[in-house]
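Asker: First the structure, then my questions, so here it is.
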Amino acid sequence: MPQATYHFPKGFLWGTATSSHQVEGSNNNNNWSAWEAEDNRIRRGHKAGLACDWWGGRWKQDFDRAAETGQNAHRLSIEWSRIQPRPDIWDEDAIDYYRQMLRGLHQRGITPMVTLHHFTDPLWLAEMGGWENDQTPAIFENYTAKIVSALKEYTNLWVTINEPNVYAVMGYFYAAFPPGKNDLKTCFPVLRNMIRAHAAAYRVIHSLQPEAKVGIALNYQSFSPARAWLPVDRWLARFLHNNFNASFTDALRKGTFKFAFQSEEIPEARNTLDYFGLNYYTRSKVSLNLANKKEYFINLSHPKDARISDTGHIANVPDGFYEAIKFARGYNLPIYITENGIEDADDDLRPEYMVSHIHQVWRAVNINWPIKGYFHWSLVDNFEWERGWTQRFGLWGLDVETQARIRRPSVDLYQAICRENGISSAMVEQYTPTLFDEMFPS
Ligand code: BGC
């Protein structure tokens, strides 16, 4: 049997990613805690509740787990509603708690990457109209200045906004995230304000920390026509790609924002990315469906031959990841894979998903594309937004009742990859033998 290793460059970051509301627990001053309190918003009426109880201190054991299993990086987010519980109040104790967490990462040899906005807004901001309000970019800039001054000693890797495209589409088109609107037109001002906010944050971060590396985390979904022979399916797939995948980062490159047949110059946004942060999960097949008026006649489905995750959320399509990386490469910037993972409670698909996706990252680094790190989603099962606790993305499982952590076999696999800084034939033979012949042909 052939023996070989797919090596990654020296200094490559291997970690996991989390976000405040999903892991901290006891967040009750943001738009999501309010949303969870409403009927029928979250599957099975679930609530974030204590989540993984990081605010109660359990981050310590979870960071130990990460460090003991070879991870050298972790991406987490700051909960804005804790830092600024009211417009005129800064909570210095909360800021100090984040200092402790970031120090805790360094003490364990883990490099932090810090996200400033990951889906949640302080309740007072939501009540002012959230990102529809044109004052929000300046308010976000102010919060950014505060938090970056306080934490810059511990990191220079910043994600201003996580998945603005998902935030806008889920909150203002599918009505699955707060504020639960079903009005595509509103996505435009929301995204425009996020672009302005990012641009303002980019500048203020650099003024406080010249060596900072500032970016966003973009959710890239691979869209391919369900019927490749049908021009309208091809057109729709391209339309979704242009609007969902490309429009936000294009605005940060060119200073022109184009979305759903509207366009606006935002000159201050030009060249405001130091790296490309890429989140990739899946590919969707796109087709025209005249019966689906509510969703603008667009149907999305999984590719037929792909293995599908527990609740049908994600199709295992590693090719789509390579396509996403190629797209990111087009920006000529260093690339971080800021999220990639699958919901899989019994861990029967995660090993294959993980190896085949990391293999795509290797294909790219092997031709010298500047990928600097990979953050698996996620370290431990956490609160999955409108899907509540029904989806399990963690390397470690979580018993929500008892807070017990359950070590899934993928922990050992990911540990082997992190420690080896690569994927070896021995690992593939042990953990994902079905991939062996394809990855190491004799
Ligand atoms: C989000 C995460 C989420 C993950 C899996 C991403 O779109 O950034 O917050 O948990 O998907 O659903």
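For the structure tokens, the naming scheme is as follows: chains receive sequential letters (A, B, ...) according to their order of presentation, residues are indexed from 1 within each chain, and ligands are indexed from 1 in presentation order.
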Please identify all polymer residues within 7 Å of Thr120 of chain A, counting only C-alpha atoms, omitting same-chain residues fewer than 5 positions from it, and present them as a PDB file with N, CA, C and O atoms, in the first residue's frame.
Answerer:
ATOM      1  N   ASN A  30     -29.527  40.500  23.875  1.00  0.00           N
ATOM      2  CA  ASN A  30     -29.334  40.706  22.428  1.00  0.00           C
ATOM      3  C   ASN A  30     -30.570  40.262  21.640  1.00  0.00           C
ATOM      4  O   ASN A  30     -31.534  39.731  22.205  1.00  0.00           O
ATOM      5  N   ASN A  31     -30.533  40.536  20.331  1.00  0.00           N
ATOM      6  CA  ASN A  31     -31.701  40.246  19.492  1.00  0.00           C
ATOM      7  C   ASN A  31     -32.032  38.760  19.454  1.00  0.00           C
ATOM      8  O   ASN A  31     -33.177  38.367  19.268  1.00  0.00           O
ATOM      9  N   TRP A  32     -31.037  37.891  19.672  1.00  0.00           N
ATOM     10  CA  TRP A  32     -31.315  36.455  19.635  1.00  0.00           C
ATOM     11  C   TRP A  32     -32.003  35.973  20.905  1.00  0.00           C
ATOM     12  O   TRP A  32     -32.903  35.136  20.840  1.00  0.00           O
TER      13      TRP A  32
END
Asker: Give the residue list for ligand 1 at 9 Å, counting only C-alpha atoms and all ligand atoms, as a count of residues only, sorted by chain and then by residue number.
Answerer: 34
Asker: For Gly57 of chain A, please output as a list in words all residues within 12 Å (counting only C-alpha atoms; exclusion window: fewer than 3 positions along the same chain).
Answerer: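 Near neighbours after the sequence-gap exclusion: Val23, Glu24, Gly25, Ser26, Leu50, Ala51, Cys52, Asp53, Trp54, Lys60, Gln61, Asp62, Phe63, Tyr97, Tyr98, Gln100, Met101, Gly104 and Gln403 of chain A.
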Asker: Write out as a ChimeraX atom specification the residues lying within 9 Å of Met354 of chain A, counting only C-alpha atoms and excluding same-chain residues fewer than 2 positions away.
Answerer: /A:340-342,349-352,356-359,376,410,413-414
Asker: Write out as an MDAnalysis selection string which residues come within 9 Å of Ile110 of chain A when counting only C-alpha atoms, dropping same-chain ones fewer than 4 positions away.
Answerer: chainID A and resid 15 63 66:67 71:74 104:106
Asker: Could those residues be written to a file, using N, CA, C and O atoms, as a short mmCIF file (atom, residue, chain, number, x, y, z; two decimals), in the first residue's frame?
Answerer:
data_model
loop_
_atom_site.label_atom_id
_atom_site.label_comp_id
_atom_site.auth_asym_id
_atom_site.auth_seq_id
_atom_site.Cartn_x
_atom_site.Cartn_y
_atom_site.Cartn_z
N GLY A 15 -7.13 25.09 13.82
CA GLY A 15 -7.94 25.39 15.00
C GLY A 15 -9.40 25.06 14.80
O GLY A 15 -9.80 24.31 13.90
N PHE A 63 -10.68 24.97 26.16
CA PHE A 63 -9.39 25.39 25.58
C PHE A 63 -8.32 24.34 25.90
O PHE A 63 -7.43 24.09 25.09
N ALA A 66 -8.71 21.71 23.36
CA ALA A 66 -8.16 22.13 22.06
C ALA A 66 -6.64 22.01 22.07
O ALA A 66 -6.04 21.45 21.14
N ALA A 67 -6.02 22.52 23.13
CA ALA A 67 -4.55 22.53 23.19
C ALA A 67 -4.00 21.10 23.28
O ALA A 67 -3.04 20.75 22.59
N GLN A 71 -4.37 21.61 18.60
CA GLN A 71 -4.79 22.84 17.92
C GLN A 71 -3.90 24.00 18.33
O GLN A 71 -3.58 24.15 19.51
N ASN A 72 -3.55 24.85 17.36
CA ASN A 72 -2.70 25.99 17.70
C ASN A 72 -3.37 27.33 17.40
O ASN A 72 -2.73 28.37 17.40
N ALA A 73 -4.68 27.30 17.13
CA ALA A 73 -5.40 28.54 16.85
C ALA A 73 -6.86 28.37 17.25
O ALA A 73 -7.37 27.25 17.29
N HIS A 74 -7.50 29.48 17.59
CA HIS A 74 -8.94 29.42 17.86
C HIS A 74 -9.58 30.75 17.47
O HIS A 74 -9.07 31.81 17.77
N GLY A 104 -5.88 33.17 28.24
CA GLY A 104 -5.99 31.71 28.41
C GLY A 104 -5.59 30.97 27.13
O GLY A 104 -4.96 29.91 27.19
N LEU A 105 -5.94 31.53 25.99
CA LEU A 105 -5.54 30.89 24.73
C LEU A 105 -4.02 30.95 24.58
O LEU A 105 -3.37 29.94 24.31
N HIS A 106 -3.46 32.14 24.81
CA HIS A 106 -2.00 32.27 24.67
C HIS A 106 -1.26 31.33 25.61
O HIS A 106 -0.28 30.70 25.22
#
Asker: Show me a table, sorted first by chain and then by increasing residue number, of the residues of segment 154-249 of chain A having an atom at most 8 Å from segment 258-261 of chain A, each with its shortest atom pair and the distance in Å to one decimal, counting only C-alpha atoms and written as a Markdown table.
Answerer:
| residue | atom | partner | partner_atom | distance |
| --- | --- | --- | --- | --- |
| A:Phe188 | CA | A:Phe259 | CA | 6.7 |
| A:Asn243 | CA | A:Phe259 | CA | 5.5 |
| A:Ser247 | CA | A:Lys258 | CA | 5.9 |
Asker: By how many Å are atom CA of Phe223 of chain A and atom CA of Lys285 of chain A apart?
Answerer: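 For atom CA of Phe223 of chain A relative to atom CA of Lys285 of chain A, the distance reads 5.9 Å.
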Asker: Could you give me the residues within segment 52-126 of chain A that DSSP places in helix (DSSP H, G or I), as a PyMOL selection string?
Answerer: chain A and resi 54-68+80-83+92-107+123-126
Asker: When you count only C-alpha atoms, which of these residues is closest to Ile417 of chain A: A:Ile161, A:Val286, A:Ile195, A:Leu13?
Answerer: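 Of the candidates, the smallest distance to Ile417 of chain A is held by A:Leu13.
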Asker: What is the atom CA of Ala237 of chain A to atom CA of Pro334 of chain A distance in Å?
Answerer: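 For atom CA of Ala237 of chain A relative to atom CA of Pro334 of chain A, the distance reads 26.9 Å.
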Asker: Pull the strand (DSSP E or B) assignments for segment 75-215 of chain A out of DSSP run on the backbone, and list those residues as a PDB file with N, CA and C atoms, in the first residue's frame.
Answerer:
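Now in part-v9.pdb:
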ATOM      1  N   ARG A  75     -10.709  30.642  16.779  1.00  0.00           N
ATOM      2  CA  ARG A  75     -11.466  31.838  16.400  1.00  0.00           C
ATOM      3  C   ARG A  75     -12.684  31.930  17.310  1.00  0.00           C
ATOM      4  N   LEU A  76     -12.796  33.048  18.031  1.00  0.00           N
ATOM      5  CA  LEU A  76     -13.982  33.256  18.878  1.00  0.00           C
ATOM      6  C   LEU A  76     -14.534  34.642  18.611  1.00  0.00           C
ATOM      7  N   SER A  77     -15.733  34.922  19.139  1.00  0.00           N
ATOM      8  CA  SER A  77     -16.287  36.258  18.904  1.00  0.00           C
ATOM      9  C   SER A  77     -16.615  36.954  20.211  1.00  0.00           C
ATOM     10  N   ARG A  86     -25.760  49.062  27.239  1.00  0.00           N
ATOM     11  CA  ARG A  86     -26.624  50.171  26.823  1.00  0.00           C
ATOM     12  C   ARG A  86     -25.755  51.142  26.044  1.00  0.00           C
ATOM     13  N   ILE A  89     -23.096  52.865  28.150  1.00  0.00           N
ATOM     14  CA  ILE A  89     -22.381  52.124  29.205  1.00  0.00           C
ATOM     15  C   ILE A  89     -21.400  51.119  28.595  1.00  0.00           C
ATOM     16  N   THR A 111      -3.169  30.576  19.093  1.00  0.00           N
ATOM     17  CA  THR A 111      -3.269  31.917  18.514  1.00  0.00           C
ATOM     18  C   THR A 111      -4.737  32.292  18.350  1.00  0.00           C
ATOM     19  N   PRO A 112      -5.176  33.422  18.931  1.00  0.00           N
ATOM     20  CA  PRO A 112      -6.578  33.800  18.756  1.00  0.00           C
ATOM     21  C   PRO A 112      -6.838  34.592  17.484  1.00  0.00           C
ATOM     22  N   MET A 113      -8.013  34.375  16.931  1.00  0.00           N
ATOM     23  CA  MET A 113      -8.558  35.231  15.874  1.00  0.00           C
ATOM     24  C   MET A 113      -9.877  35.731  16.456  1.00  0.00           C
ATOM     25  N   VAL A 114     -10.137  37.035  16.382  1.00  0.00           N
ATOM     26  CA  VAL A 114     -11.296  37.577  17.099  1.00  0.00           C
ATOM     27  C   VAL A 114     -12.303  38.210  16.132  1.00  0.00           C
ATOM     28  N   THR A 115     -13.547  37.768  16.257  1.00  0.00           N
ATOM     29  CA  THR A 115     -14.646  38.310  15.448  1.00  0.00           C
ATOM     30  C   THR A 115     -15.394  39.353  16.272  1.00  0.00           C
ATOM     31  N   LEU A 116     -15.716  40.466  15.664  1.00  0.00           N
ATOM     32  CA  LEU A 116     -16.395  41.547  16.408  1.00  0.00           C
ATOM     33  C   LEU A 116     -17.914  41.451  16.323  1.00  0.00           C
ATOM     34  N   HIS A 117     -18.416  40.866  15.265  1.00  0.00           N
ATOM     35  CA  HIS A 117     -19.869  40.743  15.102  1.00  0.00           C
ATOM     36  C   HIS A 117     -20.196  39.396  14.479  1.00  0.00           C
ATOM     37  N   PRO A 122     -26.819  43.980  20.050  1.00  0.00           N
ATOM     38  CA  PRO A 122     -27.405  44.384  21.334  1.00  0.00           C
ATOM     39  C   PRO A 122     -28.875  44.730  21.128  1.00  0.00           C
ATOM     40  N   LEU A 157      -5.371  39.615  14.680  1.00  0.00           N
ATOM     41  CA  LEU A 157      -6.172  38.977  13.626  1.00  0.00           C
ATOM     42  C   LEU A 157      -7.648  39.249  13.894  1.00  0.00           C
ATOM     43  N   TRP A 158      -8.248  40.124  13.108  1.00  0.00           N
ATOM     44  CA  TRP A 158      -9.627  40.550  13.371  1.00  0.00           C
ATOM     45  C   TRP A 158     -10.558  40.196  12.223  1.00  0.00           C
ATOM     46  N   VAL A 159     -11.732  39.700  12.600  1.00  0.00           N
ATOM     47  CA  VAL A 159     -12.839  39.532  11.640  1.00  0.00           C
ATOM     48  C   VAL A 159     -13.860  40.576  12.057  1.00  0.00           C
ATOM     49  N   THR A 160     -14.143  41.548  11.208  1.00  0.00           N
ATOM     50  CA  THR A 160     -15.112  42.571  11.628  1.00  0.00           C
ATOM     51  C   THR A 160     -16.514  41.972  11.709  1.00  0.00           C
ATOM     52  N   ILE A 161     -16.961  41.382  10.595  1.00  0.00           N
ATOM     53  CA  ILE A 161     -18.350  40.891  10.534  1.00  0.00           C
ATOM     54  C   ILE A 161     -18.364  39.477   9.974  1.00  0.00           C
ATOM     55  N   ASN A 162     -19.034  38.586  10.694  1.00  0.00           N
ATOM     56  CA  ASN A 162     -19.191  37.224  10.197  1.00  0.00           C
ATOM     57  C   ASN A 162     -20.381  37.116   9.252  1.00  0.00           C
ATOM     58  N   LYS A 213      -4.359  42.596  11.034  1.00  0.00           N
ATOM     59  CA  LYS A 213      -4.856  41.992   9.792  1.00  0.00           C
ATOM     60  C   LYS A 213      -6.371  41.915   9.926  1.00  0.00           C
ATOM     61  N   VAL A 214      -7.047  42.627   9.033  1.00  0.00           N
ATOM     62  CA  VAL A 214      -8.485  42.810   9.184  1.00  0.00           C
ATOM     63  C   VAL A 214      -9.217  42.222   7.969  1.00  0.00           C
ATOM     64  N   GLY A 215     -10.270  41.470   8.251  1.00  0.00           N
ATOM     65  CA  GLY A 215     -11.063  40.917   7.147  1.00  0.00           C
ATOM     66  C   GLY A 215     -12.479  40.641   7.609  1.00  0.00           C
TER      67      GLY A 215
END
Asker: Report as an NGL selection string all protein, DNA and RNA residues lying within 10 Å of Arg408 of chain A, evaluated on only C-alpha atoms, omitting residues in the same chain fewer than 3 positions from it.
Answerer: :A and (344-348 or 350 or 380 or 394-397 or 405 or 411-413)
Asker: Applying 8 Å and only C-alpha atoms, which residues near Val204 of chain A remain after dropping the ones on its own chain fewer than 6 positions away? List them as JSON, numbers by chain.
Answerer: {"A": [141, 144, 145]}
